[in-house]
Structure formats: structure tokens, C-alpha cells
>>> print(open('entry_12.csv').read())   # CSV, C-alpha atoms
chain,number,residue,atom,x,y,z
D,1,MET,CA,9.7,25.8,-3.7
D,2,LYS,CA,6.8,24.5,-1.5
D,3,LYS,CA,6.9,20.8,-0.9
D,4,ILE,CA,5.1,18.4,1.2
D,5,ILE,CA,7.1,15.4,2.5
D,6,LEU,CA,4.8,12.4,2.8
D,7,ILE,CA,5.7,9.4,5.0
D,8,ILE,CA,3.3,6.6,4.7
D,9,ALA,CA,3.2,4.1,7.5
D,10,LEU,CA,2.2,0.7,6.2
D,11,ILE,CA,1.0,-2.3,8.1
D,12,ASN,CA,3.8,-4.8,8.0
D,13,PHE,CA,2.6,-7.8,6.0
D,14,SER,CA,4.8,-10.9,6.1
D,15,ASN,CA,6.6,-12.2,3.1
D,16,LEU,CA,5.8,-9.3,0.8
D,17,ASN,CA,7.3,-8.8,-2.6
D,18,ALA,CA,7.2,-5.4,-4.1
D,19,ILE,CA,5.9,-5.4,-7.7
D,20,GLU,CA,6.6,-2.1,-9.3
D,21,ILE,CA,4.2,-0.8,-11.8
D,22,ILE,CA,5.7,1.4,-14.5
D,23,ARG,CA,3.2,4.0,-15.6
D,24,ASP,CA,4.1,4.3,-19.3
D,25,GLN,CA,1.7,6.4,-21.3
D,26,VAL,CA,2.9,5.0,-24.7
D,27,PHE,CA,2.5,1.4,-23.5
D,28,GLU,CA,-0.9,2.0,-22.0
D,29,ASN,CA,-2.2,3.9,-25.0
D,30,TYR,CA,-0.7,1.4,-27.5
D,31,LEU,CA,-2.4,-1.7,-26.2
D,32,LYS,CA,-5.7,0.1,-25.3
D,33,GLU,CA,-6.0,1.4,-28.8
D,34,THR,CA,-5.1,-1.9,-30.4
D,35,LEU,CA,-7.6,-3.8,-28.3
D,36,LEU,CA,-10.3,-1.3,-29.2
D,37,GLU,CA,-9.5,-1.7,-32.9
D,38,LEU,CA,-9.5,-5.5,-32.8
D,39,THR,CA,-12.4,-6.2,-30.5
D,40,GLY,CA,-14.4,-3.0,-30.0
D,41,GLU,CA,-13.5,-3.2,-26.2
D,42,GLU,CA,-12.7,0.2,-24.7
D,43,ASN,CA,-13.0,-0.5,-20.9
D,44,ILE,CA,-9.8,-2.4,-20.3
D,45,GLU,CA,-6.7,-0.8,-18.9
D,46,PHE,CA,-3.1,-2.0,-19.3
D,47,ARG,CA,-0.2,-1.8,-16.9
D,48,LEU,CA,3.5,-2.6,-17.3
D,49,ILE,CA,5.3,-4.5,-14.5
D,50,ASN,CA,9.0,-3.9,-13.9
D,51,ASP,CA,10.0,-7.5,-14.1
D,52,VAL,CA,12.4,-9.1,-16.7
D,53,LYS,CA,10.6,-12.4,-16.5
D,54,GLU,CA,8.1,-13.0,-19.4
D,55,ASN,CA,4.5,-13.0,-18.1
D,56,ALA,CA,1.1,-11.5,-18.7
D,57,PHE,CA,-1.9,-11.9,-16.3
D,58,VAL,CA,-5.3,-10.7,-15.2
D,59,ILE,CA,-6.3,-10.3,-11.6
D,60,ASP,CA,-9.2,-8.0,-12.2
D,61,ASN,CA,-11.8,-7.7,-14.9
D,62,ASN,CA,-10.6,-4.3,-16.0
D,63,TYR,CA,-6.8,-4.6,-16.0
D,64,ILE,CA,-4.3,-6.6,-18.0
D,65,PHE,CA,-0.7,-6.7,-16.7
D,66,PHE,CA,2.4,-7.4,-18.8
D,67,THR,CA,5.9,-7.7,-17.5
D,68,LYS,CA,8.5,-5.7,-19.5
D,69,GLY,CA,10.4,-9.0,-20.1
D,70,ILE,CA,7.8,-9.8,-22.8
D,71,LEU,CA,9.0,-6.7,-24.7
D,72,LYS,CA,12.6,-8.0,-24.6
D,73,ASN,CA,12.0,-11.3,-26.2
D,74,ILE,CA,9.1,-10.8,-28.6
D,75,SER,CA,10.2,-9.3,-31.9
D,76,ASN,CA,7.0,-9.8,-33.9
D,77,GLU,CA,4.2,-7.6,-32.8
D,78,ASN,CA,1.5,-10.1,-33.7
D,79,ALA,CA,2.8,-12.4,-31.0
D,80,LEU,CA,2.4,-9.7,-28.3
D,81,ILE,CA,-1.1,-8.9,-29.7
D,82,SER,CA,-2.0,-12.6,-29.5
D,83,ILE,CA,-1.0,-12.7,-25.9
D,84,MET,CA,-3.1,-9.6,-25.2
D,85,LEU,CA,-6.1,-11.3,-26.8
D,86,HIS,CA,-5.6,-14.4,-24.7
D,87,GLU,CA,-5.6,-12.4,-21.5
D,88,TYR,CA,-8.6,-10.5,-22.8
D,89,GLY,CA,-10.2,-13.9,-23.2
D,90,HIS,CA,-9.9,-14.5,-19.4
D,91,ILE,CA,-11.7,-11.2,-18.8
D,92,LYS,CA,-14.4,-11.9,-21.4
D,93,LYS,CA,-15.1,-15.3,-20.0
D,94,ASN,CA,-15.2,-13.9,-16.5
D,95,HIS,CA,-12.6,-16.3,-15.2
D,96,VAL,CA,-11.3,-13.9,-12.5
D,97,PHE,CA,-14.5,-14.1,-10.5
D,98,GLN,CA,-14.9,-17.8,-11.1
D,99,LYS,CA,-11.7,-18.6,-9.3
D,100,LYS,CA,-12.0,-20.3,-5.9
D,101,ILE,CA,-10.0,-17.9,-3.7
D,102,LYS,CA,-10.4,-18.5,0.0
D,103,ALA,CA,-12.2,-15.6,1.7
D,104,ASP,CA,-9.8,-15.4,4.6
D,105,LYS,CA,-6.9,-14.9,2.3
D,106,LEU,CA,-8.5,-11.7,1.0
D,107,LYS,CA,-9.7,-10.3,4.3
D,108,GLU,CA,-6.5,-8.5,5.1
D,109,PHE,CA,-6.7,-6.8,1.7
D,110,SER,CA,-10.4,-5.8,1.8
D,111,LYS,CA,-9.5,-2.5,3.3
D,112,TYR,CA,-8.3,-1.4,-0.2
D,113,ASN,CA,-10.6,-0.2,-2.9
D,114,ASN,CA,-9.1,-2.7,-5.3
D,115,ILE,CA,-6.0,-4.9,-5.6
D,116,PHE,CA,-4.2,-2.4,-7.7
D,117,SER,CA,-4.1,0.1,-4.9
D,118,LEU,CA,-1.8,-1.7,-2.6
D,119,LEU,CA,0.9,0.7,-1.7
D,120,VAL,CA,4.6,0.6,-1.1
D,121,GLY,CA,5.3,4.3,-1.0
D,122,LEU,CA,5.4,7.6,-2.8
D,123,SER,CA,8.7,8.2,-4.7
D,124,LEU,CA,9.3,11.9,-4.9
D,125,SER,CA,13.0,11.9,-5.6
D,126,ASN,CA,12.5,14.7,-8.1
D,127,THR,CA,9.1,16.2,-7.6
D,128,GLU,CA,9.5,18.7,-10.4
D,129,VAL,CA,9.4,16.0,-13.1
D,130,MET,CA,7.8,12.8,-11.8
D,131,PHE,CA,6.3,10.7,-9.0
D,132,GLY,CA,5.7,7.0,-9.0
D,133,THR,CA,4.0,4.1,-7.3
D,134,SER,CA,4.6,0.5,-6.6
D,135,LEU,CA,2.3,-2.4,-6.0
D,136,THR,CA,2.7,-4.8,-3.1
D,137,ILE,CA,0.9,-8.1,-3.3
D,138,ASN,CA,1.4,-11.1,-1.1
D,139,GLU,CA,3.2,-13.6,-3.3
D,140,GLY,CA,1.2,-16.5,-2.1
D,141,LEU,CA,-2.1,-14.7,-2.9
D,142,ILE,CA,-1.1,-13.7,-6.4
D,143,GLN,CA,0.1,-17.3,-7.2
D,144,ASP,CA,-3.3,-18.6,-6.0
D,145,PHE,CA,-5.0,-16.0,-8.1
D,146,LEU,CA,-3.0,-17.0,-11.3
D,147,LYS,CA,-3.6,-20.7,-11.0
D,148,ASN,CA,-6.0,-21.1,-14.0
D,149,SER,CA,-7.5,-24.4,-14.9
D,150,VAL,CA,-6.8,-26.1,-18.2
D,151,ALA,CA,-10.4,-25.4,-19.1
D,152,PHE,CA,-10.0,-21.6,-18.5
D,153,GLU,CA,-6.8,-21.6,-20.6
D,154,ASN,CA,-8.5,-23.4,-23.5
D,155,GLU,CA,-11.4,-20.9,-23.4
D,156,ALA,CA,-9.0,-18.0,-23.4
D,157,ASP,CA,-7.1,-19.5,-26.4
D,158,ASP,CA,-10.4,-20.0,-28.2
D,159,LEU,CA,-11.3,-16.3,-27.9
D,160,MET,CA,-7.8,-15.4,-29.0
D,161,ILE,CA,-8.2,-17.5,-32.1
D,162,TYR,CA,-11.6,-16.0,-32.8
D,163,TYR,CA,-10.2,-12.5,-32.9
D,164,LEU,CA,-7.1,-13.5,-34.8
D,165,ASN,CA,-9.4,-14.9,-37.5
D,166,LYS,CA,-11.8,-12.0,-37.4
D,167,ASN,CA,-8.9,-9.6,-38.1
D,168,TYR,CA,-7.1,-11.8,-40.6
D,169,LEU,CA,-3.9,-11.8,-38.4
D,170,ASP,CA,-1.0,-14.0,-39.2
D,171,LYS,CA,-0.8,-17.0,-36.9
D,172,GLN,CA,2.9,-17.8,-37.4
D,173,PRO,CA,4.2,-15.4,-34.7
D,174,ILE,CA,2.0,-16.9,-31.9
D,175,TYR,CA,3.0,-20.4,-33.1
D,176,ASP,CA,6.6,-19.5,-32.9
D,177,PHE,CA,6.1,-18.0,-29.5
D,178,LEU,CA,4.6,-21.2,-28.3
D,179,ASP,CA,7.4,-23.2,-29.9
D,180,ASP,CA,9.9,-21.1,-28.0
D,181,LEU,CA,7.9,-21.6,-24.8
D,182,SER,CA,8.1,-25.3,-25.2
D,183,LYS,CA,11.9,-25.1,-25.1
D,184,ASN,CA,11.9,-23.4,-21.7
D,185,ASN,CA,12.1,-25.5,-18.6
D,186,LEU,CA,8.5,-25.0,-17.5
D,187,ASP,CA,7.7,-25.8,-13.9
D,188,ASP,CA,5.1,-28.3,-12.7
D,189,SER,CA,2.6,-25.6,-11.7
D,190,TYR,CA,2.5,-24.4,-15.3
D,191,ARG,CA,2.0,-27.9,-16.6
D,192,ARG,CA,-0.8,-28.6,-14.1
D,193,THR,CA,-2.8,-25.5,-15.0
D,194,HIS,CA,-2.2,-25.2,-18.8
D,195,PRO,CA,-2.9,-27.3,-21.8
D,196,THR,CA,0.3,-28.9,-23.2
D,197,ILE,CA,2.3,-26.7,-25.5
D,198,ASN,CA,1.9,-29.2,-28.3
D,199,ASP,CA,-1.9,-29.2,-27.9
D,200,ARG,CA,-1.9,-25.4,-28.1
D,201,LYS,CA,0.3,-25.4,-31.1
D,202,GLU,CA,-2.0,-27.9,-32.8
D,203,LYS,CA,-5.0,-25.7,-32.0
D,204,VAL,CA,-3.3,-22.7,-33.6
D,205,LEU,CA,-2.5,-24.7,-36.8
D,206,THR,CA,-5.9,-26.3,-37.0
D,207,HIS,CA,-8.3,-23.4,-36.1
D,208,ILE,CA,-6.6,-20.2,-37.3
D,209,ASP,CA,-7.4,-19.4,-40.9
D,210,LYS,CA,-4.8,-18.3,-43.4
D,211,GLY,CA,-4.7,-14.6,-42.5
D,212,ASN,CA,-1.5,-12.9,-43.3
D,213,LYS,CA,-2.0,-9.4,-41.8
D,214,SER,CA,0.8,-8.2,-39.6
D,215,ILE,CA,0.4,-5.3,-37.1
D,216,LYS,CA,3.2,-2.8,-37.4
D,217,SER,CA,3.4,0.1,-34.9
D,218,ASN,CA,6.1,2.6,-34.1
D,219,LYS,CA,4.8,2.5,-30.5
D,220,PHE,CA,5.9,-1.2,-30.3
D,221,THR,CA,9.3,-0.2,-31.7
D,222,TYR,CA,9.6,2.7,-29.3
D,223,LEU,CA,8.8,0.5,-26.3
D,224,LYS,CA,11.4,-2.1,-27.2
D,225,ALA,CA,14.0,0.6,-27.7
D,226,LYS,CA,13.1,2.3,-24.4
D,227,TYR,CA,13.3,-0.8,-22.2
D,228,PHE,CA,15.8,-3.0,-23.9
D,229,MET,CA,17.4,-1.0,-26.8
D,230,ASN,CA,16.7,-3.9,-29.2
D,231,SER,CA,14.2,-2.5,-31.6
D,232,GLU,CA,14.4,-2.4,-35.3
D,233,ASN,CA,15.0,1.3,-35.2
D,234,GLU,CA,18.6,2.1,-34.4
D,235,ASN,CA,17.8,5.8,-33.9
D,236,TYR,CA,15.4,4.9,-31.2
D,237,ASN,CA,17.9,2.4,-29.6
D,238,ASN,CA,20.7,5.0,-29.7
D,239,PHE,CA,18.5,7.7,-28.1
D,240,PHE,CA,17.9,5.5,-25.0
D,241,LYS,CA,21.5,4.3,-25.0
D,242,ASN,CA,22.6,7.9,-24.8
D,243,ILE,CA,20.2,8.6,-22.0
D,244,LYS,CA,21.5,5.7,-20.1
D,245,ASN,CA,25.0,7.0,-20.5
D,246,GLY,CA,24.1,10.5,-19.4
D,247,LYS,CA,24.2,12.0,-22.9
D,248,HIS,CA,21.7,14.5,-24.1
D,249,VAL,CA,21.2,13.8,-27.8
D,250,LYS,CA,17.9,14.8,-29.4
D,251,ILE,CA,16.2,12.8,-32.0
D,252,LYS,CA,13.8,14.1,-34.6
D,253,ASP,CA,10.8,11.9,-35.3
D,254,THR,CA,7.5,13.1,-36.6
D,255,GLU,CA,5.5,10.8,-34.3
D,256,PHE,CA,7.5,10.9,-31.1
D,257,ASP,CA,9.2,14.4,-30.9
D,258,GLN,CA,7.2,15.4,-27.8
D,259,ILE,CA,7.5,12.1,-26.0
D,260,PHE,CA,11.3,12.1,-26.5
D,261,GLU,CA,11.3,15.5,-25.0
D,262,TYR,CA,9.2,14.2,-22.1
D,263,GLU,CA,11.7,11.3,-21.5
D,264,LEU,CA,14.6,13.8,-21.4
D,265,PHE,CA,12.6,16.1,-19.1
D,266,LYS,CA,11.8,13.4,-16.6
D,267,ILE,CA,15.5,12.7,-15.9
D,268,GLY,CA,16.3,16.4,-15.9
D,269,MET,CA,18.1,16.6,-19.3
D,270,SER,CA,15.6,18.7,-21.3
D,271,GLN,CA,15.8,22.5,-21.3
D,272,GLU,CA,12.4,22.8,-23.0
D,273,ASN,CA,9.4,24.4,-21.4
D,274,ALA,CA,7.9,21.8,-19.1
D,275,ILE,CA,4.4,23.2,-19.4
D,276,ASP,CA,4.6,22.8,-23.2
D,277,ILE,CA,5.9,19.3,-22.9
D,278,TYR,CA,3.1,18.3,-20.6
D,279,ASN,CA,0.4,19.9,-22.7
D,280,SER,CA,1.7,18.2,-25.8
D,281,VAL,CA,2.0,14.7,-24.4
D,282,ILE,CA,-1.4,15.0,-22.7
D,283,GLU,CA,-3.0,16.0,-26.0
D,284,ILE,CA,-1.4,13.1,-27.8
D,285,PHE,CA,-2.0,10.3,-25.3
D,286,ASP,CA,-4.7,11.6,-23.0
D,287,ASN,CA,-3.2,9.7,-20.1
D,288,SER,CA,-4.8,10.3,-16.7
D,289,TYR,CA,-1.6,9.5,-14.7
D,290,VAL,CA,0.3,12.1,-16.6
D,291,LYS,CA,-2.4,14.6,-16.0
D,292,LEU,CA,-2.0,14.0,-12.3
D,293,GLU,CA,1.7,14.2,-12.6
D,294,PHE,CA,1.2,17.6,-14.4
D,295,LEU,CA,-0.8,18.9,-11.4
D,296,ASN,CA,2.0,17.8,-9.1
D,297,HIS,CA,4.5,19.7,-11.2
D,298,LEU,CA,2.4,22.8,-11.1
D,299,ILE,CA,2.2,22.6,-7.3
D,300,ASP,CA,5.9,22.1,-6.8
D,301,ASN,CA,6.9,24.8,-9.2
D,302,ASP,CA,4.5,27.5,-8.0
D,303,TYR,CA,2.3,27.8,-11.1
D,304,TYR,CA,-0.6,29.3,-9.1
D,305,ASP,CA,-2.7,30.5,-12.1
D,306,LEU,CA,-2.2,27.4,-14.2
D,307,LEU,CA,-3.1,25.2,-11.3
D,308,SER,CA,-6.2,27.2,-10.6
D,309,GLU,CA,-7.2,26.8,-14.3
D,310,ASN,CA,-6.6,23.0,-14.4
D,311,ILE,CA,-7.6,21.7,-11.0
D,312,ASN,CA,-11.4,21.9,-11.4
D,313,VAL,CA,-11.3,20.4,-14.9
D,314,TYR,CA,-9.1,17.5,-13.8
D,315,LYS,CA,-10.9,17.1,-10.4
D,316,ASN,CA,-14.1,16.1,-12.2
D,317,ASN,CA,-12.4,13.8,-14.7
D,318,GLU,CA,-13.5,10.2,-13.8
D,319,ASN,CA,-10.4,8.6,-15.2
D,320,ILE,CA,-8.1,10.8,-13.1
D,321,LYS,CA,-10.3,10.2,-10.0
D,322,ASN,CA,-9.5,6.5,-10.4
D,323,GLU,CA,-5.8,7.1,-10.1
D,324,PHE,CA,-4.4,6.0,-6.8
D,325,TYR,CA,-2.8,9.3,-5.9
D,326,TYR,CA,-5.8,11.5,-6.9
D,327,LEU,CA,-6.9,12.2,-3.3
D,328,TYR,CA,-3.4,12.9,-2.2
D,329,ILE,CA,-2.6,15.3,-5.0
D,330,MET,CA,-5.9,17.1,-4.3
D,331,GLY,CA,-5.0,17.4,-0.7
D,332,LYS,CA,-1.6,18.8,-1.7
D,333,ALA,CA,-3.1,21.3,-4.1
D,334,TYR,CA,-5.5,22.7,-1.5
D,335,ASP,CA,-2.6,22.9,1.0
D,336,TYR,CA,-0.8,25.0,-1.7
D,337,PHE,CA,-3.9,27.3,-2.0
D,338,ASN,CA,-3.9,27.6,1.8
D,339,GLN,CA,-7.4,26.1,1.9
D,340,GLU,CA,-6.8,23.9,5.0
D,341,ASN,CA,-10.3,22.6,5.4
D,342,GLU,CA,-10.4,21.1,1.9
D,343,SER,CA,-6.8,19.9,2.2
D,344,PHE,CA,-7.5,18.1,5.4
D,345,PHE,CA,-10.6,16.6,3.8
D,346,TYR,CA,-8.7,15.1,0.9
D,347,PHE,CA,-5.8,13.9,3.0
D,348,CYS,CA,-8.3,12.3,5.4
D,349,ASN,CA,-9.9,10.4,2.6
D,350,PHE,CA,-6.5,9.4,1.1
D,351,TYR,CA,-5.4,7.8,4.3
D,352,LYS,CA,-8.8,6.3,5.0
D,353,LYS,CA,-8.8,4.7,1.6
D,354,ASN,CA,-5.5,3.0,2.6
D,355,ASN,CA,-6.5,2.1,6.1
D,356,ILE,CA,-3.7,4.1,7.7
D,357,ILE,CA,-5.5,4.6,11.0
D,358,ARG,CA,-3.2,7.1,12.8
D,359,LEU,CA,-3.0,9.5,9.9
D,360,THR,CA,-6.7,9.0,9.1
D,361,ASP,CA,-7.6,10.0,12.7
D,362,TYR,CA,-5.3,13.0,12.5
D,363,TYR,CA,-6.6,14.5,9.3
D,364,CYS,CA,-10.3,13.5,9.7
D,365,ASN,CA,-10.5,15.3,13.0
D,366,LYS,CA,-9.2,18.6,11.5
D,367,TYR,CA,-11.8,19.7,9.0
D,368,ASP,CA,-15.5,20.7,9.1
D,369,ARG,CA,-17.5,18.6,6.7
D,370,ASN,CA,-20.3,21.2,6.6
D,371,LYS,CA,-17.9,23.5,4.9
D,372,ILE,CA,-16.9,21.1,2.1
D,373,ASN,CA,-18.5,21.8,-1.3
D,374,ILE,CA,-20.8,19.2,-2.8
D,375,ILE,CA,-18.4,18.8,-5.7
D,376,ASP,CA,-15.7,17.6,-3.3
D,377,LEU,CA,-18.0,15.6,-1.0
D,378,VAL,CA,-18.6,13.1,-3.9
D,379,ASN,CA,-15.0,12.0,-3.3
D,380,GLU,CA,-15.6,11.1,0.3
D,381,ILE,CA,-14.6,7.5,1.3
D,382,ASN,CA,-17.6,6.3,3.3
D,383,VAL,CA,-16.0,3.5,5.2
D,384,ASP,CA,-15.3,3.0,8.9
D,385,ILE,CA,-11.7,1.7,9.0
D,386,ASN,CA,-11.9,1.0,12.7
D,387,GLN,CA,-14.3,-1.9,12.2
>>> encode(input="entry_12.csv", output="C-alpha cells")
Amino acid sequence: MKKIILIIALINFSNLNAIEIIRDQVFENYLKETLLELTGEENIEFRLINDVKENAFVIDNNYIFFTKGILKNISNENALISIMLHEYGHIKKNHVFQKKIKADKLKEFSKYNNIFSLLVGLSLSNTEVMFGTSLTINEGLIQDFLKNSVAFENEADDLMIYYLNKNYLDKQPIYDFLDDLSKNNLDDSYRRTHPTINDRKEKVLTHIDKGNKSIKSNKFTYLKAKYFMNSENENYNNFFKNIKNGKHVKIKDTEFDQIFEYELFKIGMSQENAIDIYNSVIEIFDNSYVKLEFLNHLIDNDYYDLLSENINVYKNNENIKNEFYYLYIMGKAYDYFNQENESFFYFCNFYKKNNIIRLTDYYCNKYDRNKINIIDLVNEINVDINQ
């Protein structure tokens, strides 16, 4: 099997904490579809953070982050949706770009296309089934970024209330969530930057109409089962308990047959045809990260014809092009096709994007730009990283 071993030499930042992003197609699809249904907004992406603490935040006007800890402790879906609408309120009110972040704190990060692209490394422990990414952000920077004013929080709550009323959603779950929050030992920074819990509870009681609609989704149930095995569906819980214990036990479910196969496949338990699994989950969830993962699988498992069929289609997909590893996978694909000029071009731009000077110089000096097709040149990173 042909493999490329990638070693990424990162600049050593001081006091870094690695924040791992879990690319979960069910999670991303579930919240994106729900937000579209409730607000008409279709340009927001969602990411799940591998952290058991309960948190949700916005650090860009196109992404909302949730920690998986929220899935553990929220049993009513309306509460999760209310939190999502609150975070969407920060985006809608443009709070991110109103924050007073010192420019010198951001200078060392300006080399990246966006804050979501900060890289720890490429995990290819089993390249046949998966590859993953982590996000590294200076802890002090992110804390500064998340220090919202009381006014911002009130505005975000107001927009949450507007959409809860507009969609006749039951207010009791978010009230109960706030009530539970008040029982936690909140630190001083939270108290300084948020309205009091009692004020927020009073606003919910006073301004939310008597809607009684509850959102019920099997995707929410699936996610609680996957990450904490505490969903209302014991079949789902048992499926993931068995996986954790190394047991291969199939579950039949009309909605999630293929995604359960995908979960088994990722950890090497499924004997089903990997191509069929990928095609099925891509058709169901249309997730750009999984499409890129699929291309990686085709390269590593020598599916020359299938890779040839898919690469040009996926290469021109704007959502896939926004994925962090897009340029790297394109370089890897052209290396597989023995098209060195194109391969060096894409590796050059991958390393240039991430300001890894030594590898940028190596690859950027090894291809002839005049021989790169126009369709590929549109992916060129036009920055001088030596400045």
C-alpha cells in the first residue's frame, strides 16, 4: 500500500493547549439543518470540541463550537437548541468583530487563513479508515476572545427568545438549564461578563410566549449514545458500549444503518465494503470532511479508477476546498498518480498556508508554475510567508 508519512514542524508557541475538534458528520448535519429550519440561516457551520466541560462559543462569524460535555448533561433537546440560538445571536449581532482584541496578540496567528486552521498534527494511525485534526489556540487569546460584555449576552438572549417564540418552542428546558447553571460554582469572570442567572431566568419567564413545541430528533439521541451512552434509546447505548468493549454487535435501525456501519468501519470492526459505506454516508449527510476522508481512503487502498472519477468532482467543490487538509490530500493524490509537478504545487501551497517555511521552500522550488492547469492555479496561496 502506498503511503506518505507527513511530519509537520510547527513553530513552538508558549503555553499552548491543544483543543481537539471532533469531525462528526451527524452532529454537524443535525445542528446545521435545525438552525436552517428555525431561522432560515444556511451559512453557519458547527464543530464539536473534545472537552467534557459544558461550553458553547463563537470565535468567527461562520462557526459555532460546542463541547461534547453539553451532550452529556442536557437531556432535553430544546435546551441544546436554545443554546445554539443564543450563540447564533452573537453571530447575527456581529459581536465577534466588535470585540476589542489587541492587534499584537493576533499578529502571530495572522499567518493562518483563519483561526480554525491552527494545526497540531495529522493523525494517520489507520489511514485506511480515518484521518483527523486538532486545533491549537493560545489559551490566553481564546479567553480574551470569549469575554463578552453583559450587553452582548443580553442581545444574544433577546435573539434566542425571538426565535423560540417564532417557532413556538417550549421555554421550560432552557429555564431548567439556567436553573442548573445557577447551582454551579460560577467563577468571577463569568459573573463579570454575563447577566445574573436570576435576570436571565426572569427574562425567559417574562418574554417567552406559551409555546409548547418540543424538538425530537433521533440524531440527538444518537449523539448522546455515541459520546456518553446515556440516551433514551438503550439499543443505541448498547451499540456504543459494545464498541468500547471491543465487541462487534450490529444494530438495525432504519435511519442509522449506514452510519452504524461507518462507526464500525472506522475502528476496523466492519467487514462491509468500505466504498459502499462511504458512498452511503456521503449521500445521507453530504459532509465535506467525509468526502476528503473518502479520497484519502481511495489513495491508501489503491483505487486508481475510483480516485480518477472522484478527484475532479471533489476538487471543484467549494465546501471541500474549505477543509483544512484539502491542499494536502490533493498533493497526496497527485503523488499517487505520479504527477510530480501538480503534487509539489499542492504540497507547496499546503505548507505555505501554514507558514512552515522550510517545507514551503522545499516544495515551492520543485514545480513549474507554467505547467499547472488553470483549474489548479485557483487554489494557489498568494502570500509571501517570508515577510
>>> closest_residue(input="entry_12.csv", among="D:His95, D:Val26, D:Ile64, D:Glu155", to="Ile284 in chain D", atoms="only C-alpha atoms")
D:Val26
>>> atom_distance(input="entry_12.csv", atom1="CA of Phe65 in chain D", atom2="CA of Leu48 in chain D")
5.9 Å
>>> atom_distance(input="entry_12.csv", atom1="CA of Tyr363 in chain D", atom2="CA of Ile375 in chain D")
19.6 Å
>>> residues_around(input="entry_12.csv", residues="Asn310 in chain D", least_positions_apart="3", cutoff="10 Å", atoms="all atoms listed in the file", output="tab-separated table (two decimals) with C-alpha atoms, in the frame of the given file")
chain	number	residue	atom	x	y	z
D	291	LYS	CA	-2.40	14.60	-16.00
D	294	PHE	CA	1.20	17.60	-14.40
D	295	LEU	CA	-0.80	18.90	-11.40
D	298	LEU	CA	2.40	22.80	-11.10
D	305	ASP	CA	-2.70	30.50	-12.10
D	306	LEU	CA	-2.20	27.40	-14.20
D	307	LEU	CA	-3.10	25.20	-11.30
D	313	VAL	CA	-11.30	20.40	-14.90
D	314	TYR	CA	-9.10	17.50	-13.80
D	315	LYS	CA	-10.90	17.10	-10.40
>>> closest_residue(input="entry_12.csv", among="D:Phe66, D:Tyr88, D:Phe347, D:Tyr334", to="Leu38 in chain D", atoms="only C-alpha atoms")
D:Tyr88
>>> closest_residue(input="entry_12.csv", among="D:Leu264, D:Phe27, D:Ala156, D:His207", to="Gly246 in chain D", atoms="all atoms listed in the file")
D:Leu264
>>> atom_distance(input="entry_12.csv", atom1="CA of Tyr222 in chain D", atom2="CA of Pro173 in chain D")
19.6 Å
>>> closest_residue(input="entry_12.csv", among="D:Lys226, D:Lys32, D:Lys352, D:Lys166", to="Met84 in chain D", atoms="all atoms listed in the file")
D:Lys32
>>> residues_around(input="entry_12.csv", residues="Ile197 in chain D", least_positions_apart="5", cutoff="10 Å", atoms="all atoms listed in the file", output="short mmCIF file (atom, residue, chain, number, x, y, z; two decimals) with C-alpha atoms, in the coordinates of the input")
data_model
loop_
_atom_site.label_atom_id
_atom_site.label_comp_id
_atom_site.auth_asym_id
_atom_site.auth_seq_id
_atom_site.Cartn_x
_atom_site.Cartn_y
_atom_site.Cartn_z
CA TYR D 175 3.00 -20.40 -33.10
CA LEU D 178 4.60 -21.20 -28.30
CA ASP D 179 7.40 -23.20 -29.90
CA ASP D 180 9.90 -21.10 -28.00
CA LEU D 181 7.90 -21.60 -24.80
CA SER D 182 8.10 -25.30 -25.20
CA LYS D 183 11.90 -25.10 -25.10
CA ARG D 191 2.00 -27.90 -16.60
CA GLU D 202 -2.00 -27.90 -32.80
CA LYS D 203 -5.00 -25.70 -32.00
#
>>> closest_residue(input="entry_12.csv", among="D:Phe177, D:His248, D:Ser308, D:Ile161", to="Asp209 in chain D", atoms="only C-alpha atoms")
D:Ile161
>>> closest_residue(input="entry_12.csv", among="D:Ser280, D:Asn233, D:Gln172, D:Asn379", to="Leu205 in chain D", atoms="only C-alpha atoms")
D:Gln172
>>> residues_around(input="entry_12.csv", residues="Tyr328 in chain D", least_positions_apart="4", cutoff="9 Å", atoms="all atoms listed in the file", output="PyMOL selection string")
chain D and resi 324+332-333+343+346-347+349-351
